[in-house]
$ cat start.txt   # compact mmCIF, C-alpha atoms
# COMPACT_ATOMS: atom_id res chain seq x y z
CA MET A 21 197.35 -66.01 51.24
CA LYS A 22 198.27 -62.33 51.51
CA TYR A 23 201.27 -62.88 53.75
CA LEU A 24 202.51 -66.06 52.13
CA THR A 25 206.27 -66.02 51.64
CA LEU A 26 207.95 -68.19 49.04
CA LEU A 27 211.50 -69.38 49.50
CA PHE A 28 213.87 -70.16 46.67
CA LEU A 29 217.57 -70.90 46.39
CA PHE A 30 219.17 -68.17 44.34
CA PHE A 31 222.89 -67.84 43.56
CA GLY A 32 223.79 -69.79 46.67
CA THR A 33 221.57 -67.84 49.03
CA THR A 34 217.92 -67.63 49.90
CA LEU A 35 215.69 -65.48 47.75
CA VAL A 36 212.66 -64.43 49.72
CA LEU A 37 209.59 -63.27 47.81
CA GLY A 38 206.40 -61.80 49.22
CA GLN A 39 205.03 -58.40 50.14
CA ASP A 40 207.39 -56.89 47.48
CA ASN A 41 210.24 -58.12 49.67
CA PHE A 42 213.22 -60.23 48.67
CA THR A 43 216.89 -60.64 49.41
CA VAL A 44 219.65 -61.59 47.01
CA ALA A 45 223.24 -62.67 47.41
CA ASP A 46 226.16 -60.25 47.48
CA SER A 47 227.40 -62.08 44.38
CA LEU A 48 224.47 -60.69 42.36
CA LEU A 49 224.87 -57.16 43.65
CA LEU A 50 228.59 -57.23 42.83
CA GLY A 51 228.29 -58.92 39.44
CA ARG A 52 230.12 -62.06 40.50
CA TYR A 53 227.79 -64.54 38.82
CA THR A 54 226.70 -65.70 35.38
CA LEU A 55 223.41 -64.63 33.87
CA ALA A 56 221.93 -66.62 31.02
CA ALA A 57 220.83 -64.82 27.87
CA GLN A 58 217.13 -63.98 27.83
CA GLY A 59 217.15 -62.79 24.23
CA GLU A 60 219.33 -62.89 21.14
CA ASP A 61 221.20 -59.71 22.00
CA PHE A 62 220.73 -59.12 25.72
CA LYS A 63 221.00 -60.59 29.20
CA LEU A 64 218.59 -59.41 31.88
CA GLN A 65 216.88 -60.88 34.90
CA PRO A 66 213.86 -62.88 33.62
CA GLU A 67 211.31 -60.36 34.91
CA ALA A 68 213.20 -57.45 33.37
CA ALA A 69 213.70 -59.39 30.14
CA LYS A 70 209.97 -60.02 29.82
CA ALA A 71 209.22 -56.32 30.32
CA PHE A 72 211.93 -55.27 27.86
CA THR A 73 210.68 -57.69 25.21
CA ALA A 74 207.19 -56.21 25.53
CA MET A 75 208.58 -52.68 25.31
CA ARG A 76 210.67 -53.53 22.27
CA LYS A 77 207.64 -55.04 20.53
CA ALA A 78 205.56 -51.93 21.27
CA ALA A 79 208.31 -49.70 19.89
CA LEU A 80 208.51 -51.76 16.72
CA ASN A 81 204.77 -51.31 16.26
CA ASP A 82 205.56 -47.57 16.22
CA SER A 83 208.34 -48.14 13.66
CA ILE A 84 211.05 -47.78 16.33
CA ARG A 85 213.61 -50.59 16.22
CA ILE A 86 215.48 -50.84 19.53
CA ASN A 87 219.01 -52.25 19.53
CA VAL A 88 220.85 -53.24 22.69
CA VAL A 89 224.41 -52.03 23.17
CA SER A 90 224.90 -53.38 26.70
CA SER A 91 222.83 -55.21 29.31
CA PHE A 92 224.19 -57.48 32.05
CA ARG A 93 227.89 -56.94 32.67
CA SER A 94 229.93 -59.07 35.05
CA TYR A 95 232.45 -57.84 37.61
CA SER A 96 235.32 -59.13 35.49
CA SER A 97 233.98 -57.41 32.36
CA GLN A 98 233.64 -54.11 34.19
CA LYS A 99 237.15 -54.48 35.57
CA ARG A 100 238.53 -54.97 32.06
CA ILE A 101 236.83 -51.75 30.96
CA TRP A 102 238.19 -49.88 33.98
CA ASN A 103 241.74 -51.20 33.67
CA ARG A 104 241.87 -50.56 29.92
CA LYS A 105 240.79 -46.94 30.34
CA TYR A 106 243.11 -46.37 33.30
CA LYS A 107 246.09 -47.74 31.38
CA ARG A 108 245.27 -45.63 28.30
CA PHE A 109 244.74 -42.40 30.21
CA VAL A 110 247.90 -42.77 32.30
CA ALA A 111 249.90 -43.64 29.16
CA SER A 112 248.62 -40.42 27.57
CA GLY A 113 250.20 -38.40 30.39
CA MET A 114 247.40 -38.12 32.94
CA SER A 115 248.20 -38.53 36.62
CA PRO A 116 246.60 -41.59 38.24
CA THR A 117 244.06 -39.46 40.09
CA ALA A 118 243.19 -37.48 36.96
CA ALA A 119 242.77 -40.76 35.06
CA ILE A 120 240.34 -42.04 37.69
CA GLU A 121 238.33 -38.82 37.56
CA LYS A 122 238.19 -39.10 33.77
CA ILE A 123 237.03 -42.71 33.91
CA ILE A 124 234.17 -41.98 36.28
CA GLU A 125 232.63 -39.45 33.94
CA TYR A 126 230.87 -42.42 32.34
CA SER A 127 232.34 -45.70 33.65
CA THR A 128 231.92 -47.28 37.06
CA LEU A 129 234.28 -49.04 39.38
CA PRO A 130 233.83 -52.80 39.10
CA GLY A 131 231.43 -53.92 41.79
CA THR A 132 229.43 -50.69 41.62
CA SER A 133 227.89 -50.95 38.16
CA ARG A 134 224.12 -51.13 37.87
CA HIS A 135 224.72 -53.40 34.87
CA HIS A 136 225.86 -56.08 37.34
CA TRP A 137 222.27 -56.56 38.44
CA GLY A 138 220.76 -57.61 35.13
CA THR A 139 218.25 -54.75 35.40
CA ASP A 140 219.92 -52.02 33.35
CA ILE A 141 220.31 -51.71 29.62
CA ASP A 142 221.88 -49.32 27.09
CA LEU A 143 219.74 -48.71 24.00
CA VAL A 144 220.14 -47.17 20.55
CA LEU A 145 218.01 -46.97 17.44
CA GLY A 146 218.52 -49.90 15.10
CA ASN A 147 219.36 -49.76 11.40
CA VAL A 148 221.02 -46.35 11.76
CA GLU A 149 224.66 -45.59 11.01
CA VAL A 150 226.56 -43.11 13.19
CA GLU A 151 230.11 -41.85 13.27
CA GLY A 152 232.30 -42.07 16.36
CA ASP A 153 231.15 -43.35 19.72
CA ILE A 154 227.70 -44.92 19.38
CA LEU A 155 226.86 -43.90 22.95
CA SER A 156 227.16 -40.16 22.58
CA GLU A 157 224.66 -37.57 23.77
CA THR A 158 224.86 -35.81 20.40
CA HIS A 159 223.12 -38.72 18.67
CA PHE A 160 220.06 -38.35 20.91
CA HIS A 161 219.40 -34.60 20.55
CA ASP A 162 219.10 -31.79 18.01
CA GLY A 163 218.13 -34.00 15.09
CA GLY A 164 220.66 -36.72 15.94
CA ALA A 165 220.34 -40.25 14.61
CA PHE A 166 218.75 -41.60 17.81
CA GLU A 167 216.53 -38.65 18.74
CA LYS A 168 213.39 -40.50 17.64
CA LEU A 169 214.23 -43.33 20.05
CA ARG A 170 214.89 -40.92 22.94
CA LEU A 171 211.52 -39.24 22.47
CA TRP A 172 209.72 -42.58 22.30
CA LEU A 173 211.43 -43.89 25.43
CA GLU A 174 210.78 -40.70 27.38
CA LYS A 175 207.08 -41.11 26.63
CA ASN A 176 206.66 -44.88 26.88
CA ALA A 177 209.45 -46.64 28.83
CA VAL A 178 207.91 -46.09 32.25
CA THR A 179 204.83 -48.02 31.12
CA TYR A 180 207.05 -51.12 31.04
CA GLY A 181 208.88 -50.31 34.28
CA PHE A 182 211.98 -48.76 32.71
CA VAL A 183 213.34 -45.45 34.02
CA LEU A 184 216.17 -43.24 32.75
CA VAL A 185 219.03 -43.50 35.26
CA TYR A 186 221.40 -40.60 34.60
CA THR A 187 219.14 -37.66 33.81
CA ARG A 188 219.93 -34.35 32.11
CA ASP A 189 219.78 -32.43 35.37
CA ASN A 190 222.45 -29.91 36.39
CA SER A 191 221.66 -30.47 40.06
CA ARG A 192 222.47 -34.18 39.78
CA LYS A 193 226.03 -35.19 40.65
CA GLY A 194 228.11 -38.12 39.47
CA PHE A 195 228.04 -39.71 36.04
CA PHE A 196 227.33 -37.59 33.01
CA TYR A 197 223.91 -37.60 31.33
CA GLU A 198 223.19 -40.88 29.53
CA PRO A 199 220.02 -40.76 27.40
CA TRP A 200 220.60 -44.40 26.42
CA HIS A 201 220.70 -45.97 29.92
CA TYR A 202 217.43 -47.33 31.34
CA SER A 203 216.78 -49.39 34.45
CA TYR A 204 213.98 -51.83 35.25
CA ALA A 205 212.84 -50.10 38.43
CA PRO A 206 210.75 -52.87 40.07
CA LEU A 207 213.97 -54.85 40.62
CA SER A 208 216.76 -52.28 40.59
CA LYS A 209 215.24 -50.18 43.38
CA ALA A 210 215.23 -53.21 45.67
CA TYR A 211 218.76 -54.17 44.64
CA LEU A 212 220.07 -50.67 45.36
CA LYS A 213 218.40 -50.73 48.77
CA GLN A 214 220.20 -53.95 49.67
CA TYR A 215 223.50 -52.69 48.23
CA ARG A 216 223.26 -49.65 50.50
CA GLU A 217 222.23 -51.61 53.59
CA ARG A 218 225.20 -53.97 53.27
CA ASN A 219 227.75 -51.18 52.66
CA LEU A 220 229.25 -53.14 49.75
CA ILE A 221 231.01 -50.07 48.38
CA GLN A 222 233.94 -50.55 50.75
CA LYS A 223 234.76 -53.95 49.23
CA MET A 224 235.84 -52.39 45.95
CA ALA A 225 238.98 -50.60 47.14
CA GLN A 226 240.25 -53.90 48.55
CA ASP A 227 240.64 -55.47 45.09
CA THR A 228 244.30 -54.97 44.25
CA SER A 229 243.73 -56.11 40.65
CA ILE A 230 241.87 -52.86 39.93
CA PHE A 231 244.33 -50.47 38.33
CA GLY A 232 244.82 -47.41 40.52
CA HIS A 233 243.39 -49.18 43.58
CA GLU A 234 246.00 -47.50 45.78
CA TYR A 235 244.31 -44.15 45.04
CA LEU A 236 240.86 -45.36 46.07
CA SER A 237 241.04 -43.88 49.54
CA LYS A 238 238.21 -43.98 52.04
CA ALA A 239 237.51 -40.32 51.32
CA PHE A 240 237.41 -40.96 47.57
CA MET A 241 235.09 -43.95 47.99
CA GLU A 242 232.70 -41.97 50.18
CA LYS A 243 232.58 -39.16 47.62
CA TYR A 244 232.18 -41.62 44.73
CA TYR A 245 229.38 -43.43 46.54
CA ALA A 246 227.44 -40.25 47.27
CA ALA A 247 227.88 -38.73 43.82
CA ASN A 248 228.12 -41.66 41.41
CA VAL A 249 226.26 -44.56 42.99
CA LEU A 250 223.49 -42.38 44.43
CA GLY A 251 223.59 -39.60 41.83
CA ILE A 252 220.68 -41.07 39.89
CA ASN A 253 217.09 -40.34 38.95
CA PRO A 254 215.35 -39.90 42.35
CA THR A 255 212.57 -42.26 41.31
CA LEU A 256 215.09 -45.12 41.36
CA LYS A 257 216.06 -44.67 45.02
$ encode --input "start.txt" --output "structure tokens"
Amino acid sequence: MKYLTLLFLFFGTTLVLGQDNFTVADSLLLGRYTLAAQGEDFKLQPEAAKAFTAMRKAALNDSIRINVVSSFRSYSSQKRIWNRKYKRFVASGMSPTAAIEKIIEYSTLPGTSRHHWGTDIDLVLGNVEVEGDILSETHFHDGGAFEKLRLWLEKNAVTYGFVLVYTRDNSRKGFFYEPWHYSYAPLSKAYLKQYRERNLIQKMAQDTSIFGHEYLSKAFMEKYYAANVLGINPTLK
């Protein structure tokens, strides 16, 4: 039946499917849950995992071996990343506010990461050695080690539902360009819609275990939300 709606229990809440409509728990949107591995080196929602596996197979047929650097990331994992960077930057002499601005060039506040959803994934070319940070724009351009992967993904990823999140667009605000970060749009667009409708962004500043939380003012959070959470490829909104 066209209007049949299926009900499931999902992370302690009701997941409603039908007419491209579903709702998920806050715990999923905030990364406060456990996601089982769907492959040897990644964790994604089952639907996203199936699409990624198909994309990876197609790339291999074109002699492109895709390696996963990061997929699902929990709230606690993101908080460890944030706190480690904050501590390091402040210890180097940065003011707390400068440290926060430095962190959000590439890293998100816990509870705001797209990696929490199990829809987003960071990719590099396998069997290639690089110096320094593996996730660096230089590796993906101007003859860099991962340029072949970037070109393949730009041409083919959308066929499997994956879209580049942080584009190389000077008019886009927020996080810096990330040629490695792709999102499974059929799910992540719906998740972002629910995240926005529930105004979950304001929950983050209330976590006193986040280093620098006292500097996460309402004004800062509003600016961060507009620029960093929503500063993405328009096709993902």
$ closest_residue --input "start.txt" --among "A:Leu50, A:Ala118, A:Ala205, A:Leu64" --to "Val178 in chain A" --atoms "all atoms listed in the file"
A:Ala205
$ closest_residue --input "start.txt" --among "A:Pro130, A:Val144, A:Asp162, A:Gln65" --to "Leu220 in chain A" --atoms "all atoms listed in the file"
A:Pro130
$ closest_residue --input "start.txt" --among "A:Asn147, A:Lys209, A:Phe231, A:Phe160" --to "Arg108 in chain A" --atoms "only C-alpha atoms"
A:Phe231
$ closest_residue --input "start.txt" --among "A:Trp172, A:Phe109, A:Tyr245, A:Tyr53" --to "Phe92 in chain A" --atoms "all atoms listed in the file"
A:Tyr53
$ atom_distance --input "start.txt" --atom1 "CA of Gln214 in chain A" --atom2 "CA of Ile252 in chain A"
16.2 Å
$ closest_residue --input "start.txt" --among "A:Ala79, A:Val150, A:Leu145, A:Ala56" --to "Phe166 in chain A" --atoms "all atoms listed in the file"
A:Leu145
$ closest_residue --input "start.txt" --among "A:Ala119, A:Leu155, A:Val148, A:Leu236" --to "Ser90 in chain A" --atoms "all atoms listed in the file"
A:Leu155
$ residues_around --input "start.txt" --residues "Ser229 in chain A" --least-positions-apart "4" --cutoff "12 Å" --atoms "only C-alpha atoms" --output "PyMOL selection string"
chain A and resi 95-96+99-100+102-103+129-130+224-225+233-234
$ atom_distance --input "start.txt" --atom1 "CA of Lys63 in chain A" --atom2 "CA of Ser91 in chain A"
5.7 Å
$ closest_atom_pairs --input "start.txt" --of "range 136-161 of chain A" --to "range 183-202 of chain A" --cutoff "7 Å" --atoms "all atoms listed in the file" --output "CSV"
residue,atom,partner,partner_atom,distance
A:Asp140,CA,A:Tyr202,CA,5.7
A:Ile141,CA,A:Tyr202,CA,5.5
A:Asp142,CA,A:His201,CA,4.5
A:Leu143,CA,A:Trp200,CA,5.0
A:Val144,CA,A:Trp200,CA,6.5
A:Glu157,CA,A:Pro199,CA,6.7
A:Phe160,CA,A:Pro199,CA,6.9
$ atom_distance --input "start.txt" --atom1 "CA of Val249 in chain A" --atom2 "CA of Val44 in chain A"
18.7 Å
$ residues_near_point --input "start.txt" --point "(216.3, -53.5, 19.7)" --cutoff "6 Å" --atoms "only C-alpha atoms" --output "ChimeraX atom specification"
/A:85-88
